[in-house]
$ cat input_15.txt   # compact mmCIF, C-alpha atoms
# COMPACT_ATOMS: atom_id res chain seq x y z
CA MET A 1 -35.34 186.06 57.88
CA THR A 2 -39.02 186.81 57.47
CA PRO A 3 -40.78 189.55 59.44
CA GLN A 4 -42.71 186.84 61.24
CA GLU A 5 -39.50 185.08 62.29
CA ALA A 6 -37.96 188.39 63.32
CA SER A 7 -40.97 189.21 65.48
CA ILE A 8 -40.78 185.86 67.27
CA LEU A 9 -37.12 186.45 68.09
CA CYS A 10 -37.76 190.04 69.19
CA ALA A 11 -40.54 188.86 71.48
CA GLU A 12 -38.15 186.34 73.04
CA ILE A 13 -35.55 189.06 73.61
CA CYS A 14 -38.16 191.39 75.12
CA ALA A 15 -39.23 188.59 77.45
CA LEU A 16 -35.75 188.30 78.99
CA ALA A 17 -36.37 191.21 81.40
CA PRO A 18 -38.85 194.04 81.90
CA VAL A 19 -36.22 196.63 80.93
CA VAL A 20 -33.80 196.79 78.01
CA PRO A 21 -30.97 199.22 78.86
CA VAL A 22 -30.45 201.82 76.13
CA LEU A 23 -26.73 202.57 76.19
CA VAL A 24 -24.67 205.42 74.76
CA VAL A 25 -21.08 204.38 75.49
CA ASN A 26 -18.20 206.77 74.82
CA ASP A 27 -15.29 204.62 75.99
CA VAL A 28 -14.63 201.04 74.91
CA ALA A 29 -12.95 200.40 78.25
CA HIS A 30 -16.35 200.76 79.90
CA ALA A 31 -18.04 198.21 77.64
CA ARG A 32 -17.28 194.94 79.35
CA PRO A 33 -17.66 195.96 83.02
CA LEU A 34 -20.87 197.84 82.17
CA ALA A 35 -22.35 194.81 80.45
CA GLU A 36 -21.25 192.54 83.29
CA ALA A 37 -22.93 194.80 85.85
CA LEU A 38 -26.20 194.98 83.92
CA VAL A 39 -26.32 191.24 83.27
CA ALA A 40 -25.47 190.47 86.90
CA GLY A 41 -28.33 192.75 87.93
CA GLY A 42 -30.78 190.77 85.80
CA LEU A 43 -30.90 192.77 82.56
CA PRO A 44 -29.40 190.51 79.86
CA ALA A 45 -30.73 192.29 76.74
CA LEU A 46 -28.58 195.34 75.99
CA GLU A 47 -29.12 197.96 73.29
CA VAL A 48 -25.93 199.78 72.30
CA THR A 49 -26.85 202.84 70.27
CA LEU A 50 -24.73 203.67 67.24
CA ARG A 51 -24.32 207.27 68.39
CA THR A 52 -20.63 207.23 69.27
CA PRO A 53 -17.52 206.48 67.18
CA CYS A 54 -16.69 203.46 69.33
CA ALA A 55 -20.19 201.90 69.36
CA LEU A 56 -19.31 198.96 67.12
CA ASP A 57 -16.26 198.14 69.24
CA VAL A 58 -18.46 198.37 72.33
CA ILE A 59 -20.84 195.82 70.80
CA LYS A 60 -17.88 193.51 70.11
CA GLU A 61 -16.70 193.74 73.73
CA MET A 62 -20.15 193.39 75.28
CA SER A 63 -20.86 190.35 73.10
CA LYS A 64 -18.12 188.52 75.00
CA VAL A 65 -20.02 188.78 78.28
CA GLU A 66 -21.65 185.49 79.22
CA GLY A 67 -25.41 185.67 79.56
CA GLY A 68 -25.80 188.88 77.60
CA THR A 69 -27.75 189.46 74.40
CA VAL A 70 -26.39 192.56 72.71
CA GLY A 71 -28.22 194.55 70.07
CA ALA A 72 -27.48 197.65 68.03
CA GLY A 73 -29.68 200.71 68.35
CA THR A 74 -30.10 203.73 66.07
CA LEU A 75 -29.93 201.61 62.92
CA LEU A 76 -30.58 204.02 60.04
CA THR A 77 -29.06 202.46 56.92
CA ALA A 78 -28.28 199.12 55.32
CA GLN A 79 -24.60 199.75 56.09
CA ASP A 80 -25.46 200.21 59.76
CA VAL A 81 -27.12 196.80 59.71
CA ALA A 82 -24.12 195.14 58.05
CA ASN A 83 -21.70 196.78 60.48
CA ALA A 84 -23.79 195.83 63.51
CA LYS A 85 -24.09 192.25 62.34
CA ALA A 86 -20.33 192.01 61.82
CA ALA A 87 -19.74 193.42 65.30
CA GLY A 88 -21.84 190.66 66.84
CA ALA A 89 -25.22 192.34 67.40
CA LYS A 90 -28.03 189.81 67.88
CA PHE A 91 -30.87 192.25 67.25
CA GLY A 92 -31.43 195.75 65.91
CA VAL A 93 -33.44 198.76 67.01
CA SER A 94 -34.37 201.75 64.87
CA PRO A 95 -36.13 205.05 65.59
CA GLY A 96 -38.34 204.47 62.55
CA ALA A 97 -38.97 202.04 59.70
CA THR A 98 -38.01 202.32 56.05
CA ASP A 99 -38.27 199.70 53.35
CA ARG A 100 -34.51 199.78 52.75
CA LEU A 101 -33.76 199.26 56.42
CA MET A 102 -36.24 196.41 56.78
CA ASP A 103 -34.96 194.81 53.57
CA ALA A 104 -31.42 194.93 54.96
CA CYS A 105 -32.38 193.46 58.32
CA GLU A 106 -34.30 190.63 56.70
CA ALA A 107 -31.39 189.91 54.34
CA GLN A 108 -28.88 189.96 57.23
CA ASP A 109 -31.09 187.81 59.51
CA MET A 110 -31.21 190.68 62.00
CA PRO A 111 -34.36 190.76 64.19
CA LEU A 112 -35.56 194.36 64.12
CA LEU A 113 -37.51 196.46 66.60
CA ALA A 114 -38.62 199.11 64.13
CA GLY A 115 -39.78 202.43 65.53
CA THR A 116 -43.43 203.44 65.39
CA ALA A 117 -45.13 206.64 66.53
CA SER A 118 -48.63 206.36 65.08
CA SER A 119 -51.37 203.93 64.11
CA SER A 120 -50.35 204.31 60.46
CA ASP A 121 -46.79 203.24 61.34
CA VAL A 122 -48.15 200.19 63.13
CA MET A 123 -50.48 199.25 60.28
CA ARG A 124 -47.61 199.48 57.80
CA LEU A 125 -45.50 197.09 59.84
CA LEU A 126 -48.43 194.72 60.32
CA GLU A 127 -48.97 194.65 56.55
CA ARG A 128 -45.36 193.57 56.11
CA GLY A 129 -45.71 190.85 58.75
CA TYR A 130 -44.19 192.40 61.87
CA THR A 131 -46.02 191.96 65.17
CA VAL A 132 -43.39 193.40 67.55
CA ALA A 133 -42.13 196.97 67.33
CA LYS A 134 -40.69 199.91 69.23
CA PHE A 135 -42.92 202.79 70.35
CA PHE A 136 -40.81 205.94 70.14
CA PRO A 137 -40.41 208.54 71.51
CA ALA A 138 -42.74 207.18 74.15
CA GLU A 139 -43.08 209.97 76.71
CA THR A 140 -43.33 212.87 74.26
CA ASN A 141 -45.61 210.84 72.00
CA GLY A 142 -48.44 210.57 74.48
CA GLY A 143 -46.91 208.13 76.94
CA ALA A 144 -48.67 205.06 78.25
CA PRO A 145 -52.16 206.42 77.50
CA ALA A 146 -51.25 206.75 73.81
CA LEU A 147 -49.84 203.24 73.67
CA LYS A 148 -52.97 201.90 75.37
CA ALA A 149 -55.14 203.74 72.84
CA ILE A 150 -53.20 202.32 69.90
CA GLY A 151 -53.65 198.83 71.34
CA ALA A 152 -57.43 199.04 71.25
CA PRO A 153 -57.83 198.84 67.45
CA LEU A 154 -54.44 197.18 66.83
CA PRO A 155 -54.00 194.50 69.51
CA GLN A 156 -51.91 192.36 67.17
CA MET A 157 -48.85 194.56 67.67
CA LYS A 158 -46.75 194.27 70.81
CA PHE A 159 -44.26 196.95 71.80
CA CYS A 160 -41.07 197.91 73.53
CA PRO A 161 -41.76 201.58 74.35
CA THR A 162 -38.61 203.71 74.59
CA GLY A 163 -37.78 207.36 75.04
CA GLY A 164 -37.94 209.37 78.25
CA ILE A 165 -39.11 206.45 80.40
CA SER A 166 -37.87 206.34 83.99
CA VAL A 167 -38.10 203.93 86.88
CA LYS A 168 -41.05 206.03 88.10
CA THR A 169 -43.04 205.71 84.86
CA ALA A 170 -41.99 202.26 83.63
CA HIS A 171 -44.82 200.51 85.46
CA GLN A 172 -47.39 202.58 83.54
CA TYR A 173 -46.23 200.89 80.35
CA LEU A 174 -45.48 197.45 81.75
CA SER A 175 -49.06 197.16 83.01
CA LEU A 176 -50.38 197.40 79.43
CA PRO A 177 -51.23 194.19 77.56
CA ASN A 178 -49.45 195.42 74.41
CA ALA A 179 -46.15 196.26 76.15
CA LEU A 180 -43.61 193.44 76.36
CA CYS A 181 -40.91 195.49 78.09
CA VAL A 182 -39.55 199.05 78.13
CA GLY A 183 -36.28 200.56 76.99
CA GLY A 184 -34.52 202.88 79.39
CA SER A 185 -31.24 204.68 79.90
CA TRP A 186 -31.71 205.35 83.62
CA VAL A 187 -30.06 202.06 84.58
CA ALA A 188 -26.67 203.27 83.29
CA PRO A 189 -26.39 207.01 84.02
CA ASN A 190 -23.33 208.75 82.63
CA ASP A 191 -22.01 209.84 86.01
CA LEU A 192 -21.89 206.27 87.33
CA VAL A 193 -20.40 204.92 84.10
CA ASN A 194 -17.70 207.60 84.04
CA LYS A 195 -16.83 206.86 87.68
CA GLY A 196 -16.78 203.13 87.00
CA ASP A 197 -19.27 202.52 89.80
CA TRP A 198 -20.37 199.15 88.48
CA LYS A 199 -21.85 198.06 91.81
CA ALA A 200 -24.26 201.00 91.77
CA ILE A 201 -25.25 200.19 88.19
CA GLU A 202 -25.79 196.57 89.15
CA GLU A 203 -28.15 197.73 91.89
CA LEU A 204 -30.06 199.93 89.46
CA ALA A 205 -30.32 196.95 87.13
CA ARG A 206 -31.59 194.73 89.92
CA GLU A 207 -34.24 197.31 90.80
CA ALA A 208 -35.32 197.48 87.14
CA ALA A 209 -35.36 193.70 86.77
CA ALA A 210 -37.77 193.47 89.71
CA LEU A 211 -40.39 195.66 88.03
CA SER A 212 -43.63 193.76 87.54
CA ARG A 213 -45.28 193.28 84.16

$ encode --input "input_15.txt" --output "structure tokens"
Amino acid sequence: MTPQEASILCAEICALAPVVPVLVVNDVAHARPLAEALVAGGLPALEVTLRTPCALDVIKEMSKVEGGTVGAGTLLTAQDVANAKAAGAKFGVSPGATDRLMDACEAQDMPLLAGTASSSDVMRLLERGYTVAKFFPAETNGGAPALKAIGAPLPQMKFCPTGGISVKTAHQYLSLPNALCVGGSWVAPNDLVNKGDWKAIEELAREAAALSR
């Protein structure tokens, strides 16, 4: 998969909903009902971060949910990419971008949202052929004003900003011409997941899906 092809696919995934849930799941038993609640609420693209021992099994379970598009977050190595692909991930997300990681994603036909935090990061990805990326960590990296400023000289790159974004700040990013969607963890808070309150999570998802962009 070329960077250009990967960017087209990432743009399509980002277009599915204004918010991509960023999920840290500690119990495989939560995987399927959590995915079902988020998809029912209108958020079909799901990022499962590889931050827990059961993350790959969670991806396998969530991939069985009709209407969902499950990706793997926190990709750091080529082995992470291979494992995520084998688990059924349809896209990958990384906090940064290294040549080895991008090589692996291209070899595995894994569309990648590589992390960027500066204009130099963006220029490096553009040189390689990527036109869709992650802006991370968004809130501590200048927030929506910083992303708007980067877009002035580099309008070719479109973003999924992630990191510290809430339902109260999401609209600041979604109103920007270079933001395709946002990533957020607020739609699946740990207390609701641990209680198994899938109806409440579905409502949070529905609220997020209604955000304008």

$ closest_atom_pairs --input "input_15.txt" --of "stretch 179-210 of chain A" --to "stretch 123-144 of chain A" --cutoff "12 Å" --atoms "all atoms listed in the file" --output "CSV"
residue,atom,partner,partner_atom,distance
A:Ala179,CA,A:Phe135,CA,9.3
A:Leu180,CA,A:Val132,CA,8.8
A:Cys181,CA,A:Lys134,CA,9.9
A:Val182,CA,A:Lys134,CA,9.0
A:Gly183,CA,A:Lys134,CA,8.9
A:Gly184,CA,A:Ala138,CA,10.7

$ write_last_selection --input "input_15.txt" --atoms "C-alpha atoms" --output "mmCIF file, keeping the file's coordinate frame"
data_model
loop_
_atom_site.group_PDB
_atom_site.id
_atom_site.type_symbol
_atom_site.label_atom_id
_atom_site.label_comp_id
_atom_site.auth_asym_id
_atom_site.auth_seq_id
_atom_site.Cartn_x
_atom_site.Cartn_y
_atom_site.Cartn_z
ATOM 1 C CA ALA A 179 -46.150 196.260 76.150
ATOM 2 C CA LEU A 180 -43.610 193.440 76.360
ATOM 3 C CA CYS A 181 -40.910 195.490 78.090
ATOM 4 C CA VAL A 182 -39.550 199.050 78.130
ATOM 5 C CA GLY A 183 -36.280 200.560 76.990
ATOM 6 C CA GLY A 184 -34.520 202.880 79.390
#

$ atom_distance --input "input_15.txt" --atom1 "atom CA of A:Ser94" --atom2 "atom CA of A:Leu46"
14.1 Å

$ residues_around --input "input_15.txt" --residues "A:Ala208" --least-positions-apart "5" --cutoff "8 Å" --atoms "only C-alpha atoms" --output "PDB file with C-alpha atoms, keeping the file's coordinate frame"
ATOM      1  CA  PRO A  18     -38.850 194.040  81.900  1.00  0.00           C
ATOM      2  CA  VAL A  19     -36.220 196.630  80.930  1.00  0.00           C
ATOM      3  CA  LEU A  43     -30.900 192.770  82.560  1.00  0.00           C
ATOM      4  CA  VAL A 167     -38.100 203.930  86.880  1.00  0.00           C
ATOM      5  CA  VAL A 187     -30.060 202.060  84.580  1.00  0.00           C
TER       6      VAL A 187
END

$ residues_around --input "input_15.txt" --residues "A:Val28" --least-positions-apart "6" --cutoff "12 Å" --atoms "all atoms listed in the file" --output "PyMOL selection string"
chain A and resi 34-35+48+52-62+193-194

$ residues_around --input "input_15.txt" --residues "A:Leu50" --least-positions-apart "5" --cutoff "7 Å" --atoms "only C-alpha atoms" --output "JSON, numbers by chain"
{"A": [55, 72, 73, 74]}

$ residues_around --input "input_15.txt" --residues "A:Thr69" --least-positions-apart "6" --cutoff "10 Å" --atoms "all atoms listed in the file" --output "short mmCIF file (atom, residue, chain, number, x, y, z; two decimals) with C-alpha atoms, in the coordinates of the input"
data_model
loop_
_atom_site.label_atom_id
_atom_site.label_comp_id
_atom_site.auth_asym_id
_atom_site.auth_seq_id
_atom_site.Cartn_x
_atom_site.Cartn_y
_atom_site.Cartn_z
CA ILE A 13 -35.55 189.06 73.61
CA LEU A 16 -35.75 188.30 78.99
CA ALA A 35 -22.35 194.81 80.45
CA VAL A 39 -26.32 191.24 83.27
CA LEU A 43 -30.90 192.77 82.56
CA PRO A 44 -29.40 190.51 79.86
CA ALA A 45 -30.73 192.29 76.74
CA LEU A 46 -28.58 195.34 75.99
CA GLU A 47 -29.12 197.96 73.29
CA MET A 62 -20.15 193.39 75.28
CA SER A 63 -20.86 190.35 73.10
CA GLY A 88 -21.84 190.66 66.84
CA ALA A 89 -25.22 192.34 67.40
CA LYS A 90 -28.03 189.81 67.88
CA PHE A 91 -30.87 192.25 67.25
#

$ atom_distance --input "input_15.txt" --atom1 "atom CA of A:Ser175" --atom2 "atom CA of A:Met157"
15.6 Å

$ closest_residue --input "input_15.txt" --among "A:Val93, A:Val122, A:Leu112, A:Ala200" --to "A:Pro3" --atoms "all atoms listed in the file"
A:Leu112

$ residues_around --input "input_15.txt" --residues "A:Gly92" --least-positions-apart "4" --cutoff "10 Å" --atoms "all atoms listed in the file" --output "number ranges by chain"
A: 10, 47-49, 70-75, 80-81, 84-85, 105, 110-114

$ axis_aligned_box --input "input_15.txt" --around "stretch 119-134 of chain A" --padding-each-side "5 Å" --output "lines of an AutoDock Vina configuration file"
center_x = -46.0
center_y = 197.6
center_z = 62.7
size_x = 20.7
size_y = 23.5
size_z = 23.1

$ build_atoms --input "input_15.txt" --residues "stretch 48-84 of chain A" --atoms "N, CA and C atoms" --output "tab-separated table (two decimals), keeping the file's coordinate frame"
chain	number	residue	atom	x	y	z
A	48	VAL	N	-27.03	198.83	72.44
A	48	VAL	CA	-25.93	199.78	72.30
A	48	VAL	C	-26.24	200.68	71.10
A	49	THR	N	-26.49	201.94	71.36
A	49	THR	CA	-26.85	202.84	70.27
A	49	THR	C	-25.62	203.21	69.44
A	50	LEU	N	-25.83	203.31	68.14
A	50	LEU	CA	-24.73	203.67	67.24
A	50	LEU	C	-24.60	205.19	67.16
A	51	ARG	N	-24.39	205.81	68.31
A	51	ARG	CA	-24.32	207.27	68.39
A	51	ARG	C	-22.92	207.75	68.75
A	52	THR	N	-22.00	206.84	68.94
A	52	THR	CA	-20.63	207.23	69.27
A	52	THR	C	-19.67	206.52	68.32
A	53	PRO	N	-18.48	207.09	68.11
A	53	PRO	CA	-17.52	206.48	67.18
A	53	PRO	C	-17.09	205.07	67.58
A	54	CYS	N	-17.17	204.76	68.87
A	54	CYS	CA	-16.69	203.46	69.33
A	54	CYS	C	-17.81	202.44	69.50
A	55	ALA	N	-19.03	202.76	69.08
A	55	ALA	CA	-20.19	201.90	69.36
A	55	ALA	C	-20.01	200.47	68.86
A	56	LEU	N	-19.48	200.31	67.66
A	56	LEU	CA	-19.31	198.96	67.12
A	56	LEU	C	-18.30	198.15	67.93
A	57	ASP	N	-17.23	198.81	68.38
A	57	ASP	CA	-16.26	198.14	69.24
A	57	ASP	C	-16.87	197.79	70.59
A	58	VAL	N	-17.75	198.65	71.07
A	58	VAL	CA	-18.46	198.37	72.33
A	58	VAL	C	-19.32	197.13	72.19
A	59	ILE	N	-20.02	197.01	71.05
A	59	ILE	CA	-20.84	195.82	70.80
A	59	ILE	C	-19.96	194.57	70.79
A	60	LYS	N	-18.79	194.65	70.15
A	60	LYS	CA	-17.88	193.51	70.11
A	60	LYS	C	-17.48	193.08	71.51
A	61	GLU	N	-17.14	194.05	72.37
A	61	GLU	CA	-16.70	193.74	73.73
A	61	GLU	C	-17.86	193.19	74.57
A	62	MET	N	-19.01	193.84	74.47
A	62	MET	CA	-20.15	193.39	75.28
A	62	MET	C	-20.62	192.00	74.86
A	63	SER	N	-20.43	191.66	73.59
A	63	SER	CA	-20.86	190.35	73.10
A	63	SER	C	-20.07	189.21	73.73
A	64	LYS	N	-18.95	189.54	74.35
A	64	LYS	CA	-18.12	188.52	75.00
A	64	LYS	C	-18.61	188.18	76.40
A	65	VAL	N	-19.54	188.97	76.91
A	65	VAL	CA	-20.02	188.78	78.28
A	65	VAL	C	-21.05	187.66	78.32
A	66	GLU	N	-20.76	186.66	79.13
A	66	GLU	CA	-21.65	185.49	79.22
A	66	GLU	C	-23.01	185.90	79.76
A	67	GLY	N	-24.05	185.41	79.11
A	67	GLY	CA	-25.41	185.67	79.56
A	67	GLY	C	-26.04	186.90	78.96
A	68	GLY	N	-25.27	187.68	78.20
A	68	GLY	CA	-25.80	188.88	77.60
A	68	GLY	C	-26.29	188.65	76.18
A	69	THR	N	-27.26	189.44	75.77
A	69	THR	CA	-27.75	189.46	74.40
A	69	THR	C	-27.67	190.90	73.93
A	70	VAL	N	-26.70	191.18	73.07
A	70	VAL	CA	-26.39	192.56	72.71
A	70	VAL	C	-26.98	192.91	71.35
A	71	GLY	N	-27.65	194.05	71.31
A	71	GLY	CA	-28.22	194.55	70.07
A	71	GLY	C	-27.68	195.91	69.73
A	72	ALA	N	-27.93	196.35	68.51
A	72	ALA	CA	-27.48	197.65	68.03
A	72	ALA	C	-28.68	198.57	67.86
A	73	GLY	N	-28.62	199.74	68.49
A	73	GLY	CA	-29.68	200.71	68.35
A	73	GLY	C	-29.30	201.81	67.37
A	74	THR	N	-30.27	202.63	67.03
A	74	THR	CA	-30.10	203.73	66.07
A	74	THR	C	-29.65	203.22	64.71
A	75	LEU	N	-30.18	202.09	64.29
A	75	LEU	CA	-29.93	201.61	62.92
A	75	LEU	C	-30.70	202.52	61.95
A	76	LEU	N	-29.96	203.09	61.00
A	76	LEU	CA	-30.58	204.02	60.04
A	76	LEU	C	-30.43	203.57	58.60
A	77	THR	N	-29.37	202.83	58.30
A	77	THR	CA	-29.06	202.46	56.92
A	77	THR	C	-28.72	200.98	56.81
A	78	ALA	N	-28.68	200.51	55.57
A	78	ALA	CA	-28.28	199.12	55.32
A	78	ALA	C	-26.85	198.88	55.78
A	79	GLN	N	-25.99	199.89	55.64
A	79	GLN	CA	-24.60	199.75	56.09
A	79	GLN	C	-24.53	199.63	57.61
A	80	ASP	N	-25.39	200.35	58.30
A	80	ASP	CA	-25.46	200.21	59.76
A	80	ASP	C	-25.78	198.77	60.14
A	81	VAL	N	-26.71	198.18	59.42
A	81	VAL	CA	-27.12	196.80	59.71
A	81	VAL	C	-25.96	195.85	59.48
A	82	ALA	N	-25.26	196.00	58.36
A	82	ALA	CA	-24.12	195.14	58.05
A	82	ALA	C	-23.02	195.30	59.10
A	83	ASN	N	-22.74	196.53	59.48
A	83	ASN	CA	-21.70	196.78	60.48
A	83	ASN	C	-22.07	196.19	61.83
A	84	ALA	N	-23.33	196.35	62.22
A	84	ALA	CA	-23.79	195.83	63.51
A	84	ALA	C	-23.73	194.32	63.53
